[in-house]
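Source file: coords23.txt (compact mmCIF, C-alpha atoms and all ligand atoms)
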# COMPACT_ATOMS: atom_id res chain seq x y z
CA MET A 288 -4.81 -42.44 -21.66
CA LYS A 289 -3.11 -40.16 -24.13
CA ASN A 290 -1.14 -37.20 -22.84
CA LEU A 291 -2.50 -33.70 -23.27
CA VAL A 292 0.42 -31.46 -24.22
CA LEU A 293 0.00 -27.71 -23.96
CA VAL A 294 2.30 -25.61 -26.11
CA GLY A 295 2.30 -21.84 -26.55
CA PHE A 296 3.99 -18.54 -25.91
CA MET A 297 4.74 -17.19 -22.44
CA GLY A 298 1.51 -15.97 -20.88
CA SER A 299 -0.73 -18.23 -22.96
CA GLY A 300 -2.19 -19.92 -19.88
CA LYS A 301 -0.58 -23.33 -20.34
CA THR A 302 0.13 -23.76 -16.65
CA ALA A 303 -3.00 -22.12 -15.24
CA ALA A 304 -5.48 -23.84 -17.57
CA GLY A 305 -3.52 -27.10 -17.53
CA ARG A 306 -3.74 -27.30 -13.77
CA LEU A 307 -7.52 -26.89 -13.96
CA VAL A 308 -8.21 -29.29 -16.78
CA ALA A 309 -5.89 -32.14 -15.73
CA PRO A 310 -8.03 -33.50 -12.85
CA ARG A 311 -11.20 -33.22 -14.92
CA LEU A 312 -9.65 -35.57 -17.47
CA GLY A 313 -8.05 -37.88 -14.92
CA LEU A 314 -4.57 -36.78 -15.99
CA LYS A 315 -1.62 -35.91 -13.79
CA PHE A 316 -0.45 -32.33 -14.25
CA VAL A 317 3.24 -31.74 -14.96
CA ASP A 318 4.83 -28.34 -15.54
CA MET A 319 8.12 -28.82 -17.38
CA ASP A 320 9.77 -25.67 -16.06
CA ASP A 321 8.85 -26.54 -12.46
CA LEU A 322 10.24 -30.04 -12.88
CA ILE A 323 13.48 -28.73 -14.38
CA GLU A 324 13.83 -26.25 -11.50
CA GLN A 325 13.18 -28.95 -8.89
CA ARG A 326 15.71 -31.33 -10.39
CA GLN A 327 18.33 -28.66 -10.94
CA GLY A 328 17.77 -27.09 -7.51
CA ARG A 329 17.83 -23.62 -9.07
CA THR A 330 15.53 -21.36 -11.04
CA ILE A 331 15.27 -21.21 -14.83
CA ALA A 332 16.69 -17.68 -14.60
CA ARG A 333 19.78 -19.02 -12.82
CA ILE A 334 20.19 -21.89 -15.27
CA PHE A 335 20.17 -19.33 -18.11
CA SER A 336 22.63 -17.00 -16.37
CA GLU A 337 24.98 -19.71 -15.11
CA GLN A 338 25.03 -22.08 -18.07
CA GLY A 339 23.27 -20.34 -20.91
CA GLU A 340 20.20 -21.00 -23.00
CA PRO A 341 21.63 -23.96 -25.01
CA PHE A 342 22.18 -25.87 -21.76
CA PHE A 343 18.57 -25.18 -20.72
CA ARG A 344 17.31 -26.29 -24.16
CA GLN A 345 19.15 -29.59 -23.74
CA LEU A 346 17.52 -30.16 -20.33
CA GLU A 347 14.18 -29.35 -21.95
CA ARG A 348 14.81 -31.75 -24.83
CA ASP A 349 15.76 -34.57 -22.45
CA LEU A 350 12.63 -33.99 -20.39
CA VAL A 351 10.44 -34.02 -23.51
CA ARG A 352 11.77 -37.50 -24.35
CA GLU A 353 11.18 -38.69 -20.80
CA LEU A 354 7.62 -37.36 -20.55
CA ALA A 355 6.67 -38.44 -24.07
CA ALA A 356 7.46 -42.00 -23.03
CA GLN A 357 4.78 -41.81 -20.31
CA GLN A 358 1.00 -41.67 -20.41
CA ASP A 359 -1.87 -40.07 -18.48
CA LEU A 360 -0.11 -36.70 -18.24
CA CYS A 361 -1.25 -33.16 -18.86
CA ILE A 362 2.02 -31.39 -19.69
CA ALA A 363 2.52 -27.63 -19.60
CA THR A 364 5.60 -27.05 -21.73
CA GLY A 365 7.88 -24.02 -21.72
CA GLY A 366 7.21 -21.48 -24.48
CA GLY A 367 10.37 -22.39 -26.37
CA VAL A 368 9.66 -26.09 -26.72
CA VAL A 369 8.58 -25.49 -30.36
CA LEU A 370 12.10 -24.34 -31.29
CA ASP A 371 13.16 -27.96 -31.71
CA PRO A 372 10.87 -29.77 -34.17
CA GLY A 373 11.97 -33.08 -32.64
CA ASN A 374 10.23 -32.06 -29.41
CA LEU A 375 6.93 -31.68 -31.18
CA ARG A 376 7.32 -34.95 -33.06
CA ALA A 377 7.94 -36.80 -29.79
CA PHE A 378 4.90 -35.20 -28.18
CA GLU A 379 2.68 -35.82 -31.22
CA ARG A 380 3.44 -39.53 -30.87
CA SER A 381 2.55 -39.51 -27.18
CA GLY A 382 -0.76 -37.71 -27.22
CA ILE A 383 -2.73 -34.66 -28.19
CA VAL A 384 -0.78 -31.46 -28.70
CA VAL A 385 -2.70 -28.22 -28.38
CA CYS A 386 -1.31 -24.76 -29.01
CA CYS A 387 -2.59 -22.15 -26.59
CA TRP A 388 -2.42 -19.03 -28.70
CA VAL A 389 -2.09 -15.58 -27.19
CA ASP A 390 -1.83 -12.22 -28.92
CA ALA A 391 1.14 -9.98 -28.23
CA ASP A 392 -0.70 -7.39 -26.17
CA THR A 393 -2.34 -10.00 -23.93
CA ALA A 394 0.97 -11.84 -23.54
CA TYR A 395 2.58 -8.57 -22.51
CA GLN A 396 -0.20 -7.73 -20.02
CA ARG A 397 0.00 -11.20 -18.46
CA THR A 398 3.80 -11.29 -18.15
CA LYS A 399 4.76 -7.68 -17.46
CA THR A 400 5.15 -7.90 -13.69
CA ALA A 401 6.75 -11.34 -13.47
CA ARG A 402 10.54 -11.48 -13.25
CA HIS A 403 11.23 -15.19 -13.71
CA ARG A 404 11.42 -15.33 -17.52
CA PRO A 405 15.01 -14.60 -18.61
CA LEU A 406 14.09 -14.05 -22.27
CA LEU A 407 11.93 -11.09 -21.28
CA GLU A 408 14.49 -9.53 -18.93
CA THR A 409 16.34 -7.58 -21.60
CA ASP A 410 17.17 -3.92 -22.00
CA THR A 411 14.69 -3.60 -24.85
CA ASP A 412 11.26 -2.21 -24.09
CA ARG A 413 9.33 -5.20 -22.75
CA ARG A 414 6.25 -4.76 -24.89
CA ALA A 415 8.43 -4.63 -28.01
CA ARG A 416 10.41 -7.66 -26.87
CA VAL A 417 7.23 -9.73 -26.39
CA ALA A 418 5.93 -8.66 -29.80
CA ALA A 419 9.22 -9.43 -31.58
CA LEU A 420 9.69 -12.84 -29.96
CA LEU A 421 6.09 -13.83 -30.61
CA ALA A 422 6.30 -12.70 -34.25
CA GLN A 423 9.46 -14.75 -34.70
CA ARG A 424 7.86 -17.88 -33.24
CA ALA A 425 4.34 -17.43 -34.57
CA PRO A 426 4.86 -19.73 -37.61
CA LEU A 427 5.94 -22.52 -35.26
CA TYR A 428 2.90 -22.10 -33.00
CA ARG A 429 0.53 -21.66 -35.95
CA ALA A 430 1.75 -24.93 -37.51
CA ILE A 431 0.15 -26.91 -34.67
CA ALA A 432 -3.15 -28.36 -35.86
CA LEU A 433 -5.15 -27.86 -32.66
CA GLN A 434 -5.45 -24.29 -31.40
CA VAL A 435 -7.18 -22.56 -28.52
CA ASP A 436 -6.93 -18.79 -28.60
CA SER A 437 -6.62 -17.86 -24.94
CA SER A 438 -6.45 -14.10 -25.51
CA ALA A 439 -10.06 -13.31 -24.67
CA LEU A 440 -10.71 -16.30 -22.42
CA THR A 441 -10.66 -16.67 -18.65
CA VAL A 442 -8.57 -19.54 -17.35
CA GLU A 443 -11.81 -21.41 -16.68
CA GLN A 444 -13.02 -20.94 -20.28
CA GLN A 445 -9.63 -21.99 -21.61
CA ALA A 446 -9.76 -25.15 -19.50
CA ASP A 447 -13.27 -25.88 -20.86
CA ALA A 448 -12.02 -25.50 -24.45
CA LEU A 449 -9.05 -27.80 -23.76
CA GLU A 450 -11.34 -30.36 -22.13
CA ARG A 451 -13.64 -30.39 -25.17
CA LEU A 452 -10.75 -30.80 -27.60
CA TYR A 453 -9.22 -33.63 -25.62
CA ARG A 454 -12.53 -35.49 -25.27
CA GLN A 455 -13.19 -35.18 -29.02
CA ARG A 456 -9.82 -36.58 -29.94
CA SER A 457 -9.16 -39.29 -27.37
C1 LIG B 501 10.66 -19.79 -22.39
C2 LIG B 501 9.49 -19.88 -21.69
C3 LIG B 501 9.44 -20.18 -20.26
C4 LIG B 501 10.70 -20.95 -19.83
C5 LIG B 501 11.92 -20.22 -20.26
C6 LIG B 501 11.99 -20.03 -21.77
C7 LIG B 501 10.60 -19.49 -23.84
O1 LIG B 501 8.28 -20.96 -19.98
O2 LIG B 501 10.69 -22.25 -20.34
O3 LIG B 501 11.94 -19.00 -19.60
O4 LIG B 501 11.61 -19.68 -24.54
O5 LIG B 501 9.52 -19.05 -24.31
P1 LIG B 501 6.76 -20.34 -19.92
O6 LIG B 501 6.25 -20.35 -21.32
O7 LIG B 501 6.06 -21.33 -19.05
O8 LIG B 501 6.86 -18.98 -19.33
Could you rewrite the structure in this file as structure tokens?
Ligand code: S3P
Amino acid sequence: MKNLVLVGFMGSGKTAAGRLVAPRLGLKFVDMDDLIEQRQGRTIARIFSEQGEPFFRQLERDLVRELAAQQDLCIATGGGVVLDPGNLRAFERSGIVVCCWVDADTAYQRTKTARHRPLLETDTDRRARVAALLAQRAPLYRAIALQVDSSALTVEQQADALERLYRQRS
């Protein structure tokens, strides 16, 4: 079966909804950040602080290639996976790519207490940081053909929408 690849900004529900929908579709759930952390034996925050973002992006790129070569997966990607167009091309070949959209305010509300996302741990006001980063990446997320706007959805509703999309396309 084709992979279901969930792309989207931090706080867009990729992991939460992906975990719910995967077993309904008979897919194995994989969270890219979790897998990178397991293999590296350290958190994403530590990878960023010890070796920098470019090193993390290379790990991410390598993992995209590895997962895109497999089938039957529901993959929750990290929010920055869209920064490399090659990542999206590889995933498009391996299955159905869906962008989980989230508006800036909802993304802020959902991520404001978590401390594990290095790109949000800056001196800038966090709400402004979320809005700026989302605005910068929005064209990349918007370019993905299949979209589910998670902003007003519960995780359950988001999983239902993803399930419908996948069943229509597979
Ligand atoms: C990132 C998002 C994070 C993680 C890393 C970088 C990004 O994943 O990969 O902190 O660039 O948007 P989530 O989207 O799962 O939080």
Taking 6 positions as the minimum chain separation for residues in the same chain, which residues sit within 9 Å of range 291-299 of chain A when counting all atoms listed in the file? Answer as number ranges by chain. A: 305, 309, 314, 359-369, 378-379, 381-390, 393-398, 404, 417, 421, 424-425, 428, 431, 436-438, 449, 453
Output of the above residues as a PDB file, in the frame of the given file, restricted to C-alpha atoms:
ATOM      1  CA  GLY A 305      -3.520 -27.100 -17.530  1.00  0.00           C
ATOM      2  CA  ALA A 309      -5.890 -32.140 -15.730  1.00  0.00           C
ATOM      3  CA  LEU A 314      -4.570 -36.780 -15.990  1.00  0.00           C
ATOM      4  CA  ASP A 359      -1.870 -40.070 -18.480  1.00  0.00           C
ATOM      5  CA  LEU A 360      -0.110 -36.700 -18.240  1.00  0.00           C
ATOM      6  CA  CYS A 361      -1.250 -33.160 -18.860  1.00  0.00           C
ATOM      7  CA  ILE A 362       2.020 -31.390 -19.690  1.00  0.00           C
ATOM      8  CA  ALA A 363       2.520 -27.630 -19.600  1.00  0.00           C
ATOM      9  CA  THR A 364       5.600 -27.050 -21.730  1.00  0.00           C
ATOM     10  CA  GLY A 365       7.880 -24.020 -21.720  1.00  0.00           C
ATOM     11  CA  GLY A 366       7.210 -21.480 -24.480  1.00  0.00           C
ATOM     12  CA  GLY A 367      10.370 -22.390 -26.370  1.00  0.00           C
ATOM     13  CA  VAL A 368       9.660 -26.090 -26.720  1.00  0.00           C
ATOM     14  CA  VAL A 369       8.580 -25.490 -30.360  1.00  0.00           C
ATOM     15  CA  PHE A 378       4.900 -35.200 -28.180  1.00  0.00           C
ATOM     16  CA  GLU A 379       2.680 -35.820 -31.220  1.00  0.00           C
ATOM     17  CA  SER A 381       2.550 -39.510 -27.180  1.00  0.00           C
ATOM     18  CA  GLY A 382      -0.760 -37.710 -27.220  1.00  0.00           C
ATOM     19  CA  ILE A 383      -2.730 -34.660 -28.190  1.00  0.00           C
ATOM     20  CA  VAL A 384      -0.780 -31.460 -28.700  1.00  0.00           C
ATOM     21  CA  VAL A 385      -2.700 -28.220 -28.380  1.00  0.00           C
ATOM     22  CA  CYS A 386      -1.310 -24.760 -29.010  1.00  0.00           C
ATOM     23  CA  CYS A 387      -2.590 -22.150 -26.590  1.00  0.00           C
ATOM     24  CA  TRP A 388      -2.420 -19.030 -28.700  1.00  0.00           C
ATOM     25  CA  VAL A 389      -2.090 -15.580 -27.190  1.00  0.00           C
ATOM     26  CA  ASP A 390      -1.830 -12.220 -28.920  1.00  0.00           C
ATOM     27  CA  THR A 393      -2.340 -10.000 -23.930  1.00  0.00           C
ATOM     28  CA  ALA A 394       0.970 -11.840 -23.540  1.00  0.00           C
ATOM     29  CA  TYR A 395       2.580  -8.570 -22.510  1.00  0.00           C
ATOM     30  CA  GLN A 396      -0.200  -7.730 -20.020  1.00  0.00           C
ATOM     31  CA  ARG A 397       0.000 -11.200 -18.460  1.00  0.00           C
ATOM     32  CA  THR A 398       3.800 -11.290 -18.150  1.00  0.00           C
ATOM     33  CA  ARG A 404      11.420 -15.330 -17.520  1.00  0.00           C
ATOM     34  CA  VAL A 417       7.230  -9.730 -26.390  1.00  0.00           C
ATOM     35  CA  LEU A 421       6.090 -13.830 -30.610  1.00  0.00           C
ATOM     36  CA  ARG A 424       7.860 -17.880 -33.240  1.00  0.00           C
ATOM     37  CA  ALA A 425       4.340 -17.430 -34.570  1.00  0.00           C
ATOM     38  CA  TYR A 428       2.900 -22.100 -33.000  1.00  0.00           C
ATOM     39  CA  ILE A 431       0.150 -26.910 -34.670  1.00  0.00           C
ATOM     40  CA  ASP A 436      -6.930 -18.790 -28.600  1.00  0.00           C
ATOM     41  CA  SER A 437      -6.620 -17.860 -24.940  1.00  0.00           C
ATOM     42  CA  SER A 438      -6.450 -14.100 -25.510  1.00  0.00           C
ATOM     43  CA  LEU A 449      -9.050 -27.800 -23.760  1.00  0.00           C
ATOM     44  CA  TYR A 453      -9.220 -33.630 -25.620  1.00  0.00           C
TER      45      TYR A 453
END
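Put simply, CA of Ile323 in chain A is 12.1 Å away from CA of Leu354 in chain A.
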Write out as JSON, numbers by chain which residues come within 8 Å of range 443-446 of chain A when counting only C-alpha atoms, dropping same-chain ones fewer than 5 positions away. {"A": [300, 304, 305, 307, 308, 435, 437]}
Between A:Arg306, A:Arg414, A:Arg402, A:Lys289, single out the one closest to Ile331 in chain A, counting only C-alpha atoms. A:Arg402
If I wrap all listed atoms of ligand LIG 501 (chain B) in a box with edges along x, y and z and add 6 Å on each side, what are its centre and edge lengths in Å to one decimal, as lines of an AutoDock Vina configuration file?
center_x = 9.0
center_y = -20.6
center_z = -21.8
size_x = 17.9
size_y = 15.3
size_z = 17.5
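Reported to one decimal place, the separation of CA of Ala391 in chain A from CA of Leu440 in chain A is 14.6 Å.
Between CA of Arg380 in chain A and CA of Leu420 in chain A there is a distance of 27.4 Å.
Considering all atoms listed in the file, the residue among A:Arg456, A:Leu375, A:Arg413, A:Phe343 positioned nearest to ligand LIG 501 (chain B) is A:Phe343.
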Selected residue, from A:Ala355, A:Leu427, A:Val317, A:Leu433, that lies nearest to Pro372 in chain A when counting only C-alpha atoms: A:Leu427
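Using all atoms listed in the file, the nearest neighbour of Arg376 in chain A within the list A:Ala419, A:Val351, A:Val442, A:Leu406 is A:Val351.
Counting all atoms listed in the file, the residue from A:Thr330, A:Gln325, A:Asn374, A:Asn290 that sits nearest to ligand LIG 501 (chain B) is A:Thr330.
The nearest approach to ligand LIG 501 (chain B) among the residues A:Arg352, A:Arg333, A:Arg454, A:Lys301, with only C-alpha atoms and all ligand atoms taken into account, belongs to A:Lys301.
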Would you mind listing what lies within 10 Å of Asp371 in chain A as a PDB file with C-alpha atoms, in the coordinates of the input, with only C-alpha atoms counted and same-chain residues fewer than 6 positions away left out?
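Produced file around26.pdb, reproduced below:
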ATOM      1  CA  ARG A 344      17.310 -26.290 -24.160  1.00  0.00           C
ATOM      2  CA  GLU A 347      14.180 -29.350 -21.950  1.00  0.00           C
ATOM      3  CA  ARG A 348      14.810 -31.750 -24.830  1.00  0.00           C
ATOM      4  CA  LEU A 427       5.940 -22.520 -35.260  1.00  0.00           C
TER       5      LEU A 427
END
Output requested as a short mmCIF file (atom, residue, chain, number, x, y, z; two decimals), in the coordinates of the input - range 343-365 of chain A, filled out with N, CA and C atoms.
data_model
loop_
_atom_site.label_atom_id
_atom_site.label_comp_id
_atom_site.auth_asym_id
_atom_site.auth_seq_id
_atom_site.Cartn_x
_atom_site.Cartn_y
_atom_site.Cartn_z
N PHE A 343 19.98 -25.03 -21.11
CA PHE A 343 18.57 -25.18 -20.72
C PHE A 343 17.79 -25.94 -21.79
N ARG A 344 18.05 -25.62 -23.07
CA ARG A 344 17.31 -26.29 -24.16
C ARG A 344 17.60 -27.79 -24.17
N GLN A 345 18.83 -28.16 -23.80
CA GLN A 345 19.15 -29.59 -23.74
C GLN A 345 18.38 -30.27 -22.60
N LEU A 346 18.30 -29.60 -21.45
CA LEU A 346 17.52 -30.16 -20.33
C LEU A 346 16.07 -30.35 -20.76
N GLU A 347 15.58 -29.34 -21.48
CA GLU A 347 14.18 -29.35 -21.95
C GLU A 347 13.96 -30.53 -22.91
N ARG A 348 14.89 -30.67 -23.85
CA ARG A 348 14.81 -31.75 -24.83
C ARG A 348 14.80 -33.13 -24.14
N ASP A 349 15.69 -33.30 -23.17
CA ASP A 349 15.76 -34.57 -22.45
C ASP A 349 14.45 -34.85 -21.72
N LEU A 350 13.88 -33.80 -21.13
CA LEU A 350 12.63 -33.99 -20.39
C LEU A 350 11.47 -34.30 -21.34
N VAL A 351 11.48 -33.70 -22.52
CA VAL A 351 10.44 -34.02 -23.51
C VAL A 351 10.47 -35.52 -23.80
N ARG A 352 11.65 -36.05 -24.05
CA ARG A 352 11.77 -37.50 -24.35
C ARG A 352 11.24 -38.33 -23.20
N GLU A 353 11.60 -37.93 -21.98
CA GLU A 353 11.18 -38.69 -20.80
C GLU A 353 9.66 -38.66 -20.65
N LEU A 354 9.07 -37.48 -20.78
CA LEU A 354 7.62 -37.36 -20.55
C LEU A 354 6.83 -37.99 -21.70
N ALA A 355 7.37 -37.88 -22.91
CA ALA A 355 6.67 -38.44 -24.07
C ALA A 355 6.62 -39.97 -24.00
N ALA A 356 7.47 -40.55 -23.18
CA ALA A 356 7.46 -42.00 -23.03
C ALA A 356 6.43 -42.44 -21.99
N GLN A 357 5.78 -41.48 -21.34
CA GLN A 357 4.78 -41.81 -20.31
C GLN A 357 3.38 -41.53 -20.83
N GLN A 358 2.40 -41.93 -20.04
CA GLN A 358 1.00 -41.67 -20.41
C GLN A 358 0.27 -41.02 -19.25
N ASP A 359 -0.98 -40.63 -19.51
CA ASP A 359 -1.87 -40.07 -18.48
C ASP A 359 -1.37 -38.74 -17.92
N LEU A 360 -0.64 -37.98 -18.72
CA LEU A 360 -0.11 -36.70 -18.24
C LEU A 360 -0.76 -35.53 -18.97
N CYS A 361 -0.95 -34.44 -18.23
CA CYS A 361 -1.25 -33.16 -18.86
C CYS A 361 0.02 -32.33 -18.67
N ILE A 362 0.68 -31.99 -19.77
CA ILE A 362 2.02 -31.39 -19.69
C ILE A 362 1.97 -29.93 -20.13
N ALA A 363 2.34 -29.03 -19.22
CA ALA A 363 2.52 -27.63 -19.60
C ALA A 363 3.98 -27.47 -19.98
N THR A 364 4.22 -27.19 -21.24
CA THR A 364 5.60 -27.05 -21.73
C THR A 364 6.07 -25.61 -21.52
N GLY A 365 7.36 -25.38 -21.71
CA GLY A 365 7.88 -24.02 -21.72
C GLY A 365 7.65 -23.44 -23.12
#
